[in-house]
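Here is the structure we will look at.
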Amino acid sequence: MFCVIQEIRRKKPDSGGEYREIEAYQVPWTIEGKPPVWDWRYTGGHFDRPHMEAYKITLHQSYREGGKVKKRQYTVCTMSYYDFCSTWWGDCIVGGELALAEKLSMDPAELSAIIDAKVEPLSERIRAEFEQSAEYIAQQEHERIKVVHWAAQSQFCEKYGVDKSEYDRCYDVFGVLRNKEYLKQIKAEHKARQQAEREARKQQRDYWRSYQEQWRSTYSGQSGGQSSGSYSVPFVSTYTNEDRVILKQFYRSLSKLYHPDLNPDKDTKAEMQMLNRLKEQWGV
């Protein structure tokens, strides 16, 4: 089995050339009263594709029958010049290379090796030529613009905690600032959120600091189960419901630690008496 490539001529030029340019434009509608976004699109028409060459790829098998040498021919696919610039030959086969290998009762790896050995030199030559063309240069520039744009979007969203559409309301695909006032608004809202989060964290810290100070001032005089006079919590509890939830957790943990049934070798009566007094004072 061997592979043959035959050059033929296309009747019509390839119309799938790259667009010449990318342009930014503002969409004509708004959402939730926000400024419209800046989107992008291809423009300038397609590049002409002057190469009319196409290549018919076939497999040939010689065999002997009745003392005569005969040949079978199998069509693999036909690829245009520009197909080689963007497509692998296996994608041009109806059903793919596995379907062809099954049809020919061949191992897929063996089939690929036979075709690759013939096709790859031609493919490399065509790709090298195409990479010198204005179309390829424009194609690469378009990809660069989009990649930079997507990276800037992601960084903006991560920094200010917004979605991609907010970036597109401020900047276009080229990174040009289009709406300075809306960018100021996004920054101001982000700063306000950060300040609110800092205040919330500070309030939480202050609450626990106050709670700890109250605890220390209330119970610092307790020693050996005897009051030194600083134990002056009023009988009527002033704790909030949230406080009681936490205090109940304290009580459960400490009661497990000092309960006499769990300490057969230790006298924890005094500790449990104190804990029960605290339970009453806490109102839990």
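A note on labels: chains of the structure tokens are A, B, ... as shown, every chain counts residues from 1, and ligands are counted from 1 in their shown order.
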
Query raised in the report: If you count only C-alpha atoms, which residues fall within 8 Å of Ser255 in chain A, apart from same-chain ones fewer than 3 positions away, as an MDAnalysis selection string?
Result: chainID A and resid 251:252 258:259 272 275

Listing only residues of range 119-196 of chain A within 12 Å of range 88-111 of chain A, what is the closest atom pair and its distance in Å (to one decimal) for each, using only C-alpha atoms, sorted by chain and residue number ascending, as JSON lines?
{"residue": "A:Val119", "atom": "CA", "partner": "A:Trp89", "partner_atom": "CA", "distance": 8.3}
{"residue": "A:Glu120", "atom": "CA", "partner": "A:Trp89", "partner_atom": "CA", "distance": 9.7}
{"residue": "A:Leu122", "atom": "CA", "partner": "A:Trp89", "partner_atom": "CA", "distance": 11.6}
{"residue": "A:Ser123", "atom": "CA", "partner": "A:Trp88", "partner_atom": "CA", "distance": 9.2}
{"residue": "A:Glu124", "atom": "CA", "partner": "A:Trp88", "partner_atom": "CA", "distance": 11.7}
{"residue": "A:Arg127", "atom": "CA", "partner": "A:Trp88", "partner_atom": "CA", "distance": 11.9}

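Pairwise distance (CA of Val284 in chain A, CA of Gln214 in chain A) equals 17.8 Å.
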
Report task. Write down as a PyMOL selection string the residues of range 30-277 of chain A whose backbone DSSP state falls under strand (DSSP E). Result -> chain A and resi 38-46+53-65+68-80

I need the chosen residues saved as a JSON list (two decimals), in the first residue's frame, with N, CA and C atoms.
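As a result, result-v2.json now contains:
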[["chain", "number", "residue", "atom", "x", "y", "z"],
["A", 38, "TRP", "N", -19.14, 48.06, 24.65],
["A", 38, "TRP", "CA", -18.36, 48.13, 23.40],
["A", 38, "TRP", "C", -18.03, 46.70, 22.98],
["A", 39, "ASP", "N", -18.49, 46.32, 21.80],
["A", 39, "ASP", "CA", -18.23, 45.00, 21.26],
["A", 39, "ASP", "C", -17.26, 45.12, 20.09],
["A", 40, "TRP", "N", -16.94, 44.00, 19.46],
["A", 40, "TRP", "CA", -16.04, 44.04, 18.30],
["A", 40, "TRP", "C", -16.57, 43.13, 17.21],
["A", 41, "ARG", "N", -16.11, 43.38, 15.98],
["A", 41, "ARG", "CA", -16.51, 42.56, 14.84],
["A", 41, "ARG", "C", -15.44, 42.64, 13.77],
["A", 42, "TYR", "N", -15.45, 41.63, 12.90],
["A", 42, "TYR", "CA", -14.55, 41.65, 11.75],
["A", 42, "TYR", "C", -15.13, 42.58, 10.68],
["A", 43, "THR", "N", -14.24, 43.19, 9.92],
["A", 43, "THR", "CA", -14.69, 44.11, 8.88],
["A", 43, "THR", "C", -13.62, 44.19, 7.80],
["A", 44, "GLY", "N", -13.89, 44.97, 6.76],
["A", 44, "GLY", "CA", -12.91, 45.18, 5.69],
["A", 44, "GLY", "C", -12.93, 44.14, 4.61],
["A", 45, "GLY", "N", -13.84, 43.17, 4.69],
["A", 45, "GLY", "CA", -13.90, 42.12, 3.68],
["A", 45, "GLY", "C", -12.83, 41.06, 3.89],
["A", 46, "HIS", "N", -13.00, 39.96, 3.17],
["A", 46, "HIS", "CA", -12.05, 38.85, 3.27],
["A", 46, "HIS", "C", -10.82, 39.09, 2.39],
["A", 53, "GLU", "N", -4.87, 25.75, -6.47],
["A", 53, "GLU", "CA", -4.43, 24.36, -6.40],
["A", 53, "GLU", "C", -5.26, 23.57, -5.39],
["A", 54, "ALA", "N", -5.48, 22.32, -5.71],
["A", 54, "ALA", "CA", -6.06, 21.36, -4.79],
["A", 54, "ALA", "C", -5.32, 20.04, -4.98],
["A", 55, "TYR", "N", -5.44, 19.16, -4.01],
["A", 55, "TYR", "CA", -4.64, 17.94, -4.04],
["A", 55, "TYR", "C", -5.52, 16.74, -3.69],
["A", 56, "LYS", "N", -5.54, 15.81, -4.63],
["A", 56, "LYS", "CA", -6.31, 14.59, -4.43],
["A", 56, "LYS", "C", -5.37, 13.53, -3.86],
["A", 57, "ILE", "N", -5.74, 13.01, -2.70],
["A", 57, "ILE", "CA", -4.91, 12.03, -2.00],
["A", 57, "ILE", "C", -5.54, 10.65, -2.17],
["A", 58, "THR", "N", -4.77, 9.72, -2.69],
["A", 58, "THR", "CA", -5.28, 8.36, -2.91],
["A", 58, "THR", "C", -4.31, 7.33, -2.37],
["A", 59, "LEU", "N", -4.84, 6.15, -2.10],
["A", 59, "LEU", "CA", -4.03, 5.01, -1.70],
["A", 59, "LEU", "C", -4.08, 3.96, -2.80],
["A", 60, "HIS", "N", -2.93, 3.39, -3.11],
["A", 60, "HIS", "CA", -2.83, 2.39, -4.17],
["A", 60, "HIS", "C", -2.31, 1.08, -3.59],
["A", 61, "GLN", "N", -2.94, 0.02, -4.02],
["A", 61, "GLN", "CA", -2.54, -1.30, -3.54],
["A", 61, "GLN", "C", -2.31, -2.21, -4.74],
["A", 62, "SER", "N", -1.11, -2.75, -4.86],
["A", 62, "SER", "CA", -0.79, -3.69, -5.96],
["A", 62, "SER", "C", -0.97, -5.11, -5.46],
["A", 63, "TYR", "N", -1.50, -5.95, -6.32],
["A", 63, "TYR", "CA", -1.66, -7.35, -5.98],
["A", 63, "TYR", "C", -1.57, -8.19, -7.26],
["A", 64, "ARG", "N", -1.33, -9.44, -7.09],
["A", 64, "ARG", "CA", -1.17, -10.34, -8.25],
["A", 64, "ARG", "C", -2.37, -11.28, -8.32],
["A", 65, "GLU", "N", -2.92, -11.37, -9.52],
["A", 65, "GLU", "CA", -4.09, -12.23, -9.73],
["A", 65, "GLU", "C", -3.95, -12.93, -11.08],
["A", 68, "LYS", "N", -1.00, -11.99, -13.14],
["A", 68, "LYS", "CA", -0.90, -10.61, -13.59],
["A", 68, "LYS", "C", -0.92, -9.66, -12.38],
["A", 69, "VAL", "N", -0.18, -8.56, -12.51],
["A", 69, "VAL", "CA", -0.15, -7.54, -11.46],
["A", 69, "VAL", "C", -1.32, -6.58, -11.67],
["A", 70, "LYS", "N", -2.12, -6.45, -10.66],
["A", 70, "LYS", "CA", -3.25, -5.53, -10.72],
["A", 70, "LYS", "C", -3.13, -4.50, -9.60],
["A", 71, "LYS", "N", -3.97, -3.46, -9.69],
["A", 71, "LYS", "CA", -3.88, -2.37, -8.71],
["A", 71, "LYS", "C", -5.28, -1.93, -8.30],
["A", 72, "ARG", "N", -5.43, -1.73, -7.01],
["A", 72, "ARG", "CA", -6.64, -1.13, -6.49],
["A", 72, "ARG", "C", -6.32, 0.30, -6.04],
["A", 73, "GLN", "N", -7.28, 1.20, -6.24],
["A", 73, "GLN", "CA", -7.08, 2.59, -5.85],
["A", 73, "GLN", "C", -8.22, 3.03, -4.93],
["A", 74, "TYR", "N", -7.86, 3.68, -3.82],
["A", 74, "TYR", "CA", -8.83, 4.15, -2.85],
["A", 74, "TYR", "C", -8.64, 5.66, -2.65],
["A", 75, "THR", "N", -9.71, 6.40, -2.78],
["A", 75, "THR", "CA", -9.63, 7.85, -2.56],
["A", 75, "THR", "C", -9.68, 8.15, -1.07],
["A", 76, "VAL", "N", -8.70, 8.91, -0.60],
["A", 76, "VAL", "CA", -8.67, 9.33, 0.80],
["A", 76, "VAL", "C", -9.49, 10.61, 0.97],
["A", 77, "CYS", "N", -9.10, 11.67, 0.28],
["A", 77, "CYS", "CA", -9.81, 12.94, 0.32],
["A", 77, "CYS", "C", -9.17, 13.89, -0.69],
["A", 78, "THR", "N", -9.80, 15.03, -0.88],
["A", 78, "THR", "CA", -9.24, 16.10, -1.70],
["A", 78, "THR", "C", -9.15, 17.35, -0.85],
["A", 79, "MET", "N", -7.97, 17.97, -0.82],
["A", 79, "MET", "CA", -7.75, 19.15, 0.01],
["A", 79, "MET", "C", -7.31, 20.32, -0.85],
["A", 80, "SER", "N", -7.87, 21.48, -0.59],
["A", 80, "SER", "CA", -7.42, 22.68, -1.29],
["A", 80, "SER", "C", -6.10, 23.16, -0.69]]

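With CA of Arg277 in chain A on one side and CA of Thr240 in chain A on the other, the separation reads 18.4 Å.
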
Query raised in the report: Could you name the residues that touch range 21-35 of chain A at 12 Å or less, counting only C-alpha atoms, but leaving out those on the same chain fewer than 3 positions away, as JSON, numbers by chain?
Result: {"A": [17, 18, 38, 39, 40, 41, 42, 43, 44, 45, 46, 47, 134, 135, 137, 138, 139, 140, 141, 142, 143, 144, 145, 146, 149, 165, 166, 167, 168, 169, 170, 171, 172, 173, 174, 175, 176, 177, 178, 179, 180, 181, 182, 183, 185, 186]}

Report task. Write down as an MDAnalysis selection string the residues belonging to range 62-266 of chain A that are assigned alpha helix (DSSP H) by DSSP computed on the backbone. Result -> chainID A and resid 83:86 96:103 108:130 134:160 164:170 180:219 241:258

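Using only C-alpha atoms, the nearest neighbour of Tyr160 in chain A within the list A:Leu278, A:Ala192, A:Ile115, A:Leu254 is A:Ala192.
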
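The two atoms in question, CA of Asp14 in chain A and CA of Arg49 in chain A, are spaced 6.0 Å apart.
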